[in-house]
Amino acid sequence: MQMIINGEYVDASNGKVFDNVNPYTGQVICTVPSGTREDFERAAVVAKKAQKEWAEVPLYKRVDIIRKFTSIVRENLEDIARTVCEEGGKTITDARGEVECLCMVFESFAEAARHFCGNTYPLNAEARTQGDIIFTVREPLGVFVAITPFNFPMELYAHKVAPAIVTGNAVIIKAASDTPLGALKVTECLLKAGVPAGVAQYVTGSGREVGAWLAQTKNVDAVTFTGSTAVGMELMRGAANNLEHVFLELGGNDPHVFFDDCDLDLAVAEAVGGRCYNAGQTCCANKRFIVQNTIKDEFVRKLIDAIKAYRIGDPSDPQTQMGCLVSEKAAAEVEKLIEKTVQQGGELVYGGKRDGAFIEPAVILVSKDADVAKDMEIFGPVFPIIGFDTFDEAVQIANQTSYGLASGVMTNDINKAMKFAMKVQAGTCVINGSGNYRSVHQPFGGYKHSGIGREGTTHTLSEVTQEKTVAMRYTQK
Ligand code: NAD
């Protein structure tokens with residue numbers, strides 16, 4: 001495959017490539033350009049000019065282009081979904097759902113943009129502005145670099161690119177190195193629909209190279225990033241050099257709390273559904289299972305039964321519920337963290353075996369002092385079970401992490417559920433469900449080290465634009 005800079009398919013300026021590998025078969029799908037700082041800078045210079053012209057295109061025309069884009073994506077849905085499945089190990093059923101989700105997110109932002117207005121401010125609120133009329137308009141920030149992770153290459157592409165483009169920004173997209181082809185195909189659809197060449201460009205290459213370039217370029221106005229906290233912090237440090245706006249959706253080690261008055265069957269279904277979805281590689285997945293000691297044994301028994309019934313296998317088989325991880329390297333990392341948890345005193349009561357890029361879901365009984373019970377995010381289907389006795393203890397364990405993305409609480413007592421929702425330090429709390437939950441409208445994002453900013457139609461349009469105040473003064477004679 002090649003990159004798309006200024007509407008042209010190009011290789012990296014130094015000719016270097018890396019392999020895009022199907023993690024299920026181990027076969028090379030294609031080679032991918034290892035873009036250089038010169039390549040990225042060229043795209044940014046093009047974007048700078050194109051963005052100014054794009055911002056002059058009336059909103060209704062930009063909305064029409066996005067509608068055309070989603071119809072083109074839907075015509076190609078099966079091909080794009082197969083690519084997402086092949087390069088990422090995601091099940092074909094989930095991949096199809098994710099491409100449809102991308103269309104829904106683009107359409108939602110296009111609709112929301114049509115209702116996105118400035119403000120007027122109270123007249124005569126102070127003597128020095130008496131009689132003036134003050135109103136605001138929204139203008140694009142300029143050139144965005146959108147960096148996405150491997151785990152939701154379609155949905156997260158949409159959450160970054162749709163709001164930026166519809167409001168008149170230009171975007172340079174840099175997808176994860178493990179999943180570059182699906183995002184390339186979607187970018188092609190944008191260009192076919194009529195998005196100008198300099199407004200949607202697509203680059204590939206090592207994240208480190210992109211980060212180093214971002215720290216020194218003067219042609220980028222904003223960086224929107226989803227990925228790990230360590231990289232988010234590095235990007236923020238680099239962005240300070242040129243005061244780029246930075247939006248960060250980062251990691252999580254999300255609590256899922258089970259009180260002994262919950263519906264146990266629902267609790268187990270939510271535990272497994274949340275954790276095994278996308279083979280455990282979801283930022284807002286339930287990653288710490290905080291279970292009241294009175295039901296812990298029964299919960300674990302039922303959990304293991306439910307895991308055994310989960311269909312794991314060939315991602316391209318529509319019957320499969322959980323495929324492999326994104327790469328053998330990712331699976332080896334999960335295996336290493338399972339071993340580390342056991343070394344710290346964890347009791348592995350089920351699973352955890354690795355076969356290539358597959359990891360068998362693992363259930364580990366751990367103490368609340370283990371790393372996994374605090375800040376060690378495991379990006380795979382691992383269920384650390386942590387017991388508790390009292391409500392306050394459950395809240396304390398839930399909050400004993402530097403992350404704060406999402407959370408879930410299972411109980412049939414609405415007062416207890418609400419009290420927990422108010423106490424938990426997380427951007428989302430789901431009652432009677434896992435935190436592995438996202439609506440296009442909700443403000444999605446993290447407390448603490450899980451990020452800065454919120455994504456969703458109610459929020460992102462404000463973040464990708466800047467507000468200009470116009471003060472109209474007149475003399476009342
Ligand atoms: P990652 O941080 O390794 O990579 C994410 C992206 O950043 C990739 O495109 C990568 O190439 C790029 N990158 C890597 N180093 C970079 C650098 N120095 N400068 C610029 N870009 C760089 O993360 P990942 O392994 O792809 O994804 C998993 C992580 O993402 C987990 O921690 C997960 O919780 C988090 N995540 C968060 C959300 C959210 O919405 N909060 C969603 C999905 C994933």
# chains A, B, ... in the order shown; residues from 1 in each chain; ligands from 1
>>> residues_around(residues="A:Pro140", least_positions_apart="4", cutoff="8 Å", atoms="only C-alpha atoms", output="PyMOL selection string")
chain A and resi 55+164+167-169+464-466
>>> residues_around(residues="A:Thr179", least_positions_apart="2", cutoff="8 Å", atoms="only C-alpha atoms", output="list of chain:residue names")
A:Asn20, A:Val84, A:Glu87, A:Gly88, A:Phe150, A:Pro153, A:Ala175, A:Ala176, A:Ser177, A:Leu181, A:Gly182, A:Ala183
>>> write_last_selection(atoms="N, CA, C and O atoms", output="tab-separated table (two decimals), in the first residue's frame")
chain	number	residue	atom	x	y	z
A	20	ASN	N	2.51	-5.50	6.89
A	20	ASN	CA	1.19	-5.57	7.53
A	20	ASN	C	0.82	-7.05	7.54
A	20	ASN	O	0.65	-7.67	6.49
A	84	VAL	N	-10.49	-5.03	7.88
A	84	VAL	CA	-10.38	-4.80	9.33
A	84	VAL	C	-10.20	-6.13	10.05
A	84	VAL	O	-9.41	-6.27	10.99
A	87	GLU	N	-6.51	-7.72	9.05
A	87	GLU	CA	-5.28	-7.11	9.58
A	87	GLU	C	-5.29	-6.97	11.09
A	87	GLU	O	-4.23	-6.82	11.71
A	88	GLY	N	-6.49	-7.02	11.72
A	88	GLY	CA	-6.54	-6.78	13.16
A	88	GLY	C	-6.93	-7.98	14.01
A	88	GLY	O	-6.87	-7.91	15.23
A	150	PHE	N	-4.84	0.70	17.22
A	150	PHE	CA	-5.20	-0.44	16.38
A	150	PHE	C	-6.59	-1.01	16.69
A	150	PHE	O	-7.19	-1.68	15.86
A	153	PRO	N	-10.12	0.70	14.55
A	153	PRO	CA	-9.58	1.52	13.46
A	153	PRO	C	-10.65	2.28	12.68
A	153	PRO	O	-10.33	3.26	12.02
A	175	ALA	N	-2.79	6.18	11.06
A	175	ALA	CA	-3.38	5.02	11.74
A	175	ALA	C	-2.29	4.17	12.38
A	175	ALA	O	-1.10	4.36	12.11
A	176	ALA	N	-2.70	3.24	13.23
A	176	ALA	CA	-1.73	2.37	13.90
A	176	ALA	C	-1.03	1.47	12.88
A	176	ALA	O	-1.63	1.06	11.88
A	177	SER	N	0.21	1.15	13.16
A	177	SER	CA	1.00	0.37	12.21
A	177	SER	C	0.47	-1.05	12.01
A	177	SER	O	0.68	-1.66	10.97
A	181	LEU	N	-4.53	-0.60	6.69
A	181	LEU	CA	-5.17	-0.70	5.38
A	181	LEU	C	-6.65	-0.28	5.40
A	181	LEU	O	-7.14	0.36	4.46
A	182	GLY	N	-7.36	-0.63	6.47
A	182	GLY	CA	-8.79	-0.26	6.56
A	182	GLY	C	-8.94	1.25	6.52
A	182	GLY	O	-9.78	1.79	5.78
A	183	ALA	N	-8.11	1.95	7.28
A	183	ALA	CA	-8.20	3.42	7.34
A	183	ALA	C	-7.82	4.04	5.99
A	183	ALA	O	-8.37	5.07	5.61
>>> residues_near_ligand(ligand="ligand 1", cutoff="6 Å", atoms="only C-alpha atoms and all ligand atoms", output="list in words")
Ile147, Thr148, Pro149, Phe150, Ala175, Ala176, Ser177, Ser206, Gly207, Arg208, Val210, Gly211, Thr226, Gly227, Ser228, Val231, Leu235, Glu249, Leu250, Gly251, Gly252, Thr282 and Cys283 of chain A
>>> write_last_selection(atoms="N, CA, C and O atoms", output="CSV table (one decimal), in the first residue's frame")
chain,number,residue,atom,x,y,z
A,147,ILE,N,-4.2,10.8,15.3
A,147,ILE,CA,-3.5,9.5,15.5
A,147,ILE,C,-4.4,8.5,16.2
A,147,ILE,O,-4.9,8.8,17.2
A,148,THR,N,-4.6,7.3,15.5
A,148,THR,CA,-5.5,6.4,16.1
A,148,THR,C,-4.8,5.1,16.5
A,148,THR,O,-3.7,4.7,15.9
A,149,PRO,N,-5.4,4.3,17.4
A,149,PRO,CA,-4.8,3.0,17.8
A,149,PRO,C,-5.3,1.9,17.0
A,149,PRO,O,-6.2,2.1,16.1
A,150,PHE,N,-4.8,0.7,17.2
A,150,PHE,CA,-5.2,-0.4,16.4
A,150,PHE,C,-6.6,-1.0,16.7
A,150,PHE,O,-7.2,-1.7,15.9
A,175,ALA,N,-2.8,6.2,11.1
A,175,ALA,CA,-3.4,5.0,11.7
A,175,ALA,C,-2.3,4.2,12.4
A,175,ALA,O,-1.1,4.4,12.1
A,176,ALA,N,-2.7,3.2,13.2
A,176,ALA,CA,-1.7,2.4,13.9
A,176,ALA,C,-1.0,1.5,12.9
A,176,ALA,O,-1.6,1.1,11.9
A,177,SER,N,0.2,1.1,13.2
A,177,SER,CA,1.0,0.4,12.2
A,177,SER,C,0.5,-1.1,12.0
A,177,SER,O,0.7,-1.7,11.0
A,206,SER,N,6.3,4.9,11.7
A,206,SER,CA,6.4,4.7,13.2
A,206,SER,C,5.9,5.8,14.0
A,206,SER,O,6.1,7.0,13.6
A,207,GLY,N,5.2,5.5,15.0
A,207,GLY,CA,4.6,6.5,15.9
A,207,GLY,C,5.7,7.5,16.4
A,207,GLY,O,5.5,8.7,16.5
A,208,ARG,N,6.9,6.9,16.7
A,208,ARG,CA,7.9,7.7,17.3
A,208,ARG,C,8.4,8.8,16.3
A,208,ARG,O,8.6,9.9,16.7
A,210,VAL,N,6.5,10.1,13.9
A,210,VAL,CA,5.4,11.1,13.9
A,210,VAL,C,5.5,12.1,15.1
A,210,VAL,O,5.4,13.3,15.0
A,211,GLY,N,5.7,11.5,16.3
A,211,GLY,CA,5.8,12.3,17.5
A,211,GLY,C,7.0,13.3,17.4
A,211,GLY,O,6.9,14.4,17.8
A,226,THR,N,-5.7,9.0,20.2
A,226,THR,CA,-6.2,7.9,21.1
A,226,THR,C,-5.2,6.9,21.1
A,226,THR,O,-4.7,6.4,20.1
A,227,GLY,N,-4.8,6.5,22.3
A,227,GLY,CA,-3.8,5.5,22.5
A,227,GLY,C,-3.4,5.4,24.0
A,227,GLY,O,-4.1,5.8,24.9
A,228,SER,N,-2.1,5.0,24.2
A,228,SER,CA,-1.7,4.8,25.6
A,228,SER,C,-1.3,6.1,26.3
A,228,SER,O,-1.0,7.1,25.6
A,231,VAL,N,2.3,7.5,25.6
A,231,VAL,CA,2.5,8.3,24.3
A,231,VAL,C,1.7,9.6,24.4
A,231,VAL,O,2.2,10.6,23.9
A,235,LEU,N,3.3,13.2,23.6
A,235,LEU,CA,2.8,14.1,22.5
A,235,LEU,C,2.5,15.5,23.1
A,235,LEU,O,2.7,16.6,22.5
A,249,GLU,N,-7.3,10.8,24.3
A,249,GLU,CA,-8.2,9.7,24.8
A,249,GLU,C,-7.2,8.6,25.1
A,249,GLU,O,-6.6,8.0,24.2
A,250,LEU,N,-7.0,8.3,26.4
A,250,LEU,CA,-5.9,7.4,26.8
A,250,LEU,C,-6.3,6.1,27.4
A,250,LEU,O,-7.5,5.7,27.3
A,251,GLY,N,-5.4,5.5,28.1
A,251,GLY,CA,-5.7,4.1,28.7
A,251,GLY,C,-6.6,4.1,29.8
A,251,GLY,O,-7.1,5.1,30.3
A,252,GLY,N,-6.9,2.9,30.3
A,252,GLY,CA,-7.8,2.7,31.4
A,252,GLY,C,-7.6,1.4,32.1
A,252,GLY,O,-7.0,0.5,31.5
A,282,THR,N,-10.0,-3.3,24.5
A,282,THR,CA,-10.9,-2.1,24.4
A,282,THR,C,-10.5,-1.2,25.6
A,282,THR,O,-10.3,-1.6,26.7
A,283,CYS,N,-10.3,0.1,25.2
A,283,CYS,CA,-9.9,1.1,26.3
A,283,CYS,C,-10.8,1.1,27.5
A,283,CYS,O,-10.4,1.1,28.6
>>> residues_around(residues="stretch 304-321 of chain A", least_positions_apart="6", cutoff="6 Å", atoms="only C-alpha atoms", output="number ranges by chain")
A: 89-93
>>> residues_around(residues="A:Val300", least_positions_apart="5", cutoff="12 Å", atoms="only C-alpha atoms", output="list in words")
Phe258, Leu264, Asp265, Ala267, Val268, Ala271, Val272, Phe289, Ile290, Val291, Gln292, Asn293, Thr294, Ile295, Asp305, Ala306, Ile307, Leu348, Val349, Tyr350, Ala362, Val363, Ile364, Leu365, Phe383, Pro384, Ile385, Ile386 and Gly387 of chain A
>>> closest_residue(among="A:Lys468, A:Arg62, A:Lys336, A:Lys416", to="A:Val199", atoms="only C-alpha atoms")
A:Arg62
>>> atom_distance(atom1="atom CA of A:Asp132", atom2="atom CA of A:Cys117")
20.0 Å
>>> closest_residue(among="A:Glu100, A:Asp392, A:Glu75, A:Glu270", to="A:Cys189", atoms="only C-alpha atoms")
A:Glu75
>>> select_by_dssp(residues="stretch 363-443 of chain A", states="strand (DSSP E or B)", output="mmCIF file with N, CA, C and O atoms, in the first residue's frame")
data_model
loop_
_atom_site.group_PDB
_atom_site.id
_atom_site.type_symbol
_atom_site.label_atom_id
_atom_site.label_comp_id
_atom_site.auth_asym_id
_atom_site.auth_seq_id
_atom_site.Cartn_x
_atom_site.Cartn_y
_atom_site.Cartn_z
ATOM 1 N N VAL A 363 -8.759 -16.199 34.303
ATOM 2 C CA VAL A 363 -9.387 -15.714 35.538
ATOM 3 C C VAL A 363 -8.346 -15.848 36.641
ATOM 4 O O VAL A 363 -7.814 -16.933 36.872
ATOM 5 N N ILE A 364 -8.042 -14.724 37.295
ATOM 6 C CA ILE A 364 -6.992 -14.728 38.333
ATOM 7 C C ILE A 364 -7.541 -14.076 39.599
ATOM 8 O O ILE A 364 -8.035 -12.942 39.550
ATOM 9 N N LEU A 365 -7.435 -14.787 40.724
ATOM 10 C CA LEU A 365 -7.835 -14.202 42.001
ATOM 11 C C LEU A 365 -6.654 -13.395 42.512
ATOM 12 O O LEU A 365 -5.545 -13.926 42.646
ATOM 13 N N VAL A 366 -6.867 -12.114 42.771
ATOM 14 C CA VAL A 366 -5.739 -11.264 43.185
ATOM 15 C C VAL A 366 -6.101 -10.461 44.426
ATOM 16 O O VAL A 366 -7.284 -10.293 44.750
ATOM 17 N N VAL A 382 -8.388 -10.817 30.204
ATOM 18 C CA VAL A 382 -7.952 -11.258 31.531
ATOM 19 C C VAL A 382 -8.904 -10.703 32.585
ATOM 20 O O VAL A 382 -9.268 -9.525 32.541
ATOM 21 N N PHE A 383 -9.329 -11.588 33.518
ATOM 22 C CA PHE A 383 -10.300 -11.212 34.557
ATOM 23 C C PHE A 383 -9.622 -11.270 35.936
ATOM 24 O O PHE A 383 -9.650 -12.315 36.583
ATOM 25 N N PRO A 384 -9.036 -10.168 36.403
ATOM 26 C CA PRO A 384 -8.523 -10.175 37.774
ATOM 27 C C PRO A 384 -9.698 -9.980 38.736
ATOM 28 O O PRO A 384 -10.452 -9.015 38.609
ATOM 29 N N ILE A 385 -9.854 -10.907 39.684
ATOM 30 C CA ILE A 385 -10.985 -10.850 40.629
ATOM 31 C C ILE A 385 -10.462 -10.345 41.968
ATOM 32 O O ILE A 385 -9.550 -10.940 42.554
ATOM 33 N N ILE A 386 -11.056 -9.270 42.455
ATOM 34 C CA ILE A 386 -10.610 -8.669 43.713
ATOM 35 C C ILE A 386 -11.814 -8.659 44.668
ATOM 36 O O ILE A 386 -12.857 -8.081 44.332
ATOM 37 N N GLY A 387 -11.678 -9.285 45.819
ATOM 38 C CA GLY A 387 -12.806 -9.335 46.766
ATOM 39 C C GLY A 387 -12.913 -8.074 47.611
ATOM 40 O O GLY A 387 -11.927 -7.358 47.818
ATOM 41 N N PHE A 388 -14.143 -7.806 48.103
ATOM 42 C CA PHE A 388 -14.315 -6.702 49.060
ATOM 43 C C PHE A 388 -15.470 -7.050 49.998
ATOM 44 O O PHE A 388 -16.301 -7.915 49.688
ATOM 45 N N ALA A 406 -13.711 4.556 32.389
ATOM 46 C CA ALA A 406 -15.115 4.165 32.560
ATOM 47 C C ALA A 406 -15.226 3.253 33.777
ATOM 48 O O ALA A 406 -14.227 2.885 34.401
ATOM 49 N N SER A 407 -16.468 2.896 34.110
ATOM 50 C CA SER A 407 -16.704 2.017 35.260
ATOM 51 C C SER A 407 -18.090 1.402 35.110
ATOM 52 O O SER A 407 -18.912 1.894 34.336
ATOM 53 N N GLY A 408 -18.322 0.330 35.880
ATOM 54 C CA GLY A 408 -19.649 -0.286 35.875
ATOM 55 C C GLY A 408 -19.981 -0.779 37.264
ATOM 56 O O GLY A 408 -19.077 -1.113 38.054
ATOM 57 N N VAL A 409 -21.266 -0.790 37.602
ATOM 58 C CA VAL A 409 -21.669 -1.280 38.919
ATOM 59 C C VAL A 409 -22.930 -2.131 38.770
ATOM 60 O O VAL A 409 -23.864 -1.764 38.062
ATOM 61 N N MET A 410 -22.909 -3.316 39.429
ATOM 62 C CA MET A 410 -24.049 -4.229 39.340
ATOM 63 C C MET A 410 -24.706 -4.319 40.716
ATOM 64 O O MET A 410 -24.079 -4.741 41.697
ATOM 65 N N THR A 428 -17.205 7.770 32.847
ATOM 66 C CA THR A 428 -18.501 7.128 32.616
ATOM 67 C C THR A 428 -18.761 6.138 33.743
ATOM 68 O O THR A 428 -17.828 5.460 34.190
ATOM 69 N N CYS A 429 -20.002 6.056 34.193
ATOM 70 C CA CYS A 429 -20.388 4.966 35.092
ATOM 71 C C CYS A 429 -21.651 4.318 34.529
ATOM 72 O O CYS A 429 -22.665 4.995 34.319
ATOM 73 N N VAL A 430 -21.579 3.047 34.253
ATOM 74 C CA VAL A 430 -22.741 2.316 33.727
ATOM 75 C C VAL A 430 -23.368 1.525 34.873
ATOM 76 O O VAL A 430 -22.676 0.788 35.581
ATOM 77 N N ILE A 431 -24.666 1.709 35.073
ATOM 78 C CA ILE A 431 -25.367 0.988 36.137
ATOM 79 C C ILE A 431 -25.992 -0.274 35.535
ATOM 80 O O ILE A 431 -26.686 -0.215 34.518
#
>>> closest_residue(among="A:Val57, A:Cys324, A:Val161, A:Val372", to="A:Glu339", atoms="only C-alpha atoms")
A:Val372
>>> closest_residue(among="A:Met3, A:Cys284, A:Cys85, A:Ala44", to="A:Glu188", atoms="only C-alpha atoms")
A:Met3
>>> atom_distance(atom1="atom CA of A:Ile29", atom2="atom CA of A:Ile173")
20.7 Å
>>> decode(residues="stretch 36-67 of chain A", atoms="N, CA and C atoms", output="mmCIF file, in the first residue's frame")
data_model
loop_
_atom_site.group_PDB
_atom_site.id
_atom_site.type_symbol
_atom_site.label_atom_id
_atom_site.label_comp_id
_atom_site.auth_asym_id
_atom_site.auth_seq_id
_atom_site.Cartn_x
_atom_site.Cartn_y
_atom_site.Cartn_z
ATOM 1 N N THR A 36 8.428 9.427 6.602
ATOM 2 C CA THR A 36 9.487 10.198 7.266
ATOM 3 C C THR A 36 8.950 11.567 7.678
ATOM 4 N N ARG A 37 9.762 12.281 8.452
ATOM 5 C CA ARG A 37 9.364 13.636 8.868
ATOM 6 C C ARG A 37 9.159 14.526 7.652
ATOM 7 N N GLU A 38 9.953 14.314 6.604
ATOM 8 C CA GLU A 38 9.804 15.124 5.379
ATOM 9 C C GLU A 38 8.440 14.858 4.746
ATOM 10 N N ASP A 39 8.025 13.580 4.748
ATOM 11 C CA ASP A 39 6.709 13.239 4.180
ATOM 12 C C ASP A 39 5.589 13.921 4.974
ATOM 13 N N PHE A 40 5.684 13.848 6.299
ATOM 14 C CA PHE A 40 4.621 14.415 7.127
ATOM 15 C C PHE A 40 4.572 15.940 6.954
ATOM 16 N N GLU A 41 5.747 16.541 6.854
ATOM 17 C CA GLU A 41 5.794 18.002 6.721
ATOM 18 C C GLU A 41 5.186 18.429 5.379
ATOM 19 N N ARG A 42 5.468 17.633 4.350
ATOM 20 C CA ARG A 42 4.901 17.963 3.036
ATOM 21 C C ARG A 42 3.377 17.939 3.115
ATOM 22 N N ALA A 43 2.851 16.922 3.794
ATOM 23 C CA ALA A 43 1.387 16.826 3.944
ATOM 24 C C ALA A 43 0.848 18.034 4.720
ATOM 25 N N ALA A 44 1.590 18.473 5.724
ATOM 26 C CA ALA A 44 1.108 19.591 6.552
ATOM 27 C C ALA A 44 1.095 20.896 5.765
ATOM 28 N N VAL A 45 2.104 21.086 4.910
ATOM 29 C CA VAL A 45 2.151 22.314 4.098
ATOM 30 C C VAL A 45 0.963 22.332 3.133
ATOM 31 N N VAL A 46 0.697 21.188 2.520
ATOM 32 C CA VAL A 46 -0.457 21.079 1.615
ATOM 33 C C VAL A 46 -1.753 21.348 2.382
ATOM 34 N N ALA A 47 -1.849 20.756 3.575
ATOM 35 C CA ALA A 47 -3.077 20.886 4.377
ATOM 36 C C ALA A 47 -3.330 22.340 4.776
ATOM 37 N N LYS A 48 -2.268 23.044 5.084
ATOM 38 C CA LYS A 48 -2.381 24.439 5.536
ATOM 39 C C LYS A 48 -3.126 25.261 4.484
ATOM 40 N N LYS A 49 -2.747 25.062 3.234
ATOM 41 C CA LYS A 49 -3.359 25.838 2.150
ATOM 42 C C LYS A 49 -4.795 25.340 1.889
ATOM 43 N N ALA A 50 -4.928 24.011 1.816
ATOM 44 C CA ALA A 50 -6.238 23.447 1.474
ATOM 45 C C ALA A 50 -7.287 23.772 2.533
ATOM 46 N N GLN A 51 -6.852 23.821 3.779
ATOM 47 C CA GLN A 51 -7.820 24.057 4.866
ATOM 48 C C GLN A 51 -8.499 25.410 4.712
ATOM 49 N N LYS A 52 -7.753 26.400 4.296
ATOM 50 C CA LYS A 52 -8.333 27.750 4.182
ATOM 51 C C LYS A 52 -9.456 27.748 3.139
ATOM 52 N N GLU A 53 -9.238 27.032 2.039
ATOM 53 C CA GLU A 53 -10.275 26.971 0.997
ATOM 54 C C GLU A 53 -11.468 26.136 1.473
ATOM 55 N N TRP A 54 -11.178 25.071 2.185
ATOM 56 C CA TRP A 54 -12.243 24.178 2.683
ATOM 57 C C TRP A 54 -13.155 24.918 3.671
ATOM 58 N N ALA A 55 -12.554 25.762 4.480
ATOM 59 C CA ALA A 55 -13.341 26.501 5.474
ATOM 60 C C ALA A 55 -14.328 27.450 4.801
ATOM 61 N N GLU A 56 -14.029 27.827 3.548
ATOM 62 C CA GLU A 56 -14.938 28.727 2.808
ATOM 63 C C GLU A 56 -16.103 27.960 2.175
ATOM 64 N N VAL A 57 -16.001 26.644 2.094
ATOM 65 C CA VAL A 57 -17.094 25.841 1.514
ATOM 66 C C VAL A 57 -18.265 25.877 2.500
ATOM 67 N N PRO A 58 -19.476 26.217 2.031
ATOM 68 C CA PRO A 58 -20.593 26.323 2.975
ATOM 69 C C PRO A 58 -20.845 24.996 3.706
ATOM 70 N N LEU A 59 -21.292 25.121 4.922
ATOM 71 C CA LEU A 59 -21.526 23.939 5.755
ATOM 72 C C LEU A 59 -22.438 22.928 5.062
ATOM 73 N N TYR A 60 -23.509 23.412 4.427
ATOM 74 C CA TYR A 60 -24.447 22.443 3.839
ATOM 75 C C TYR A 60 -23.773 21.606 2.756
ATOM 76 N N LYS A 61 -22.775 22.207 2.071
ATOM 77 C CA LYS A 61 -22.061 21.423 1.038
ATOM 78 C C LYS A 61 -21.128 20.396 1.690
ATOM 79 N N ARG A 62 -20.513 20.803 2.792
ATOM 80 C CA ARG A 62 -19.646 19.838 3.496
ATOM 81 C C ARG A 62 -20.498 18.669 4.015
ATOM 82 N N VAL A 63 -21.690 18.991 4.510
ATOM 83 C CA VAL A 63 -22.589 17.937 5.004
ATOM 84 C C VAL A 63 -22.993 17.004 3.861
ATOM 85 N N ASP A 64 -23.274 17.573 2.689
ATOM 86 C CA ASP A 64 -23.643 16.734 1.535
ATOM 87 C C ASP A 64 -22.510 15.775 1.176
ATOM 88 N N ILE A 65 -21.284 16.277 1.241
ATOM 89 C CA ILE A 65 -20.115 15.429 0.902
ATOM 90 C C ILE A 65 -20.015 14.274 1.902
ATOM 91 N N ILE A 66 -20.284 14.571 3.169
ATOM 92 C CA ILE A 66 -20.195 13.497 4.173
ATOM 93 C C ILE A 66 -21.292 12.454 3.938
ATOM 94 N N ARG A 67 -22.463 12.919 3.552
ATOM 95 C CA ARG A 67 -23.530 11.938 3.252
ATOM 96 C C ARG A 67 -23.129 11.054 2.071
#
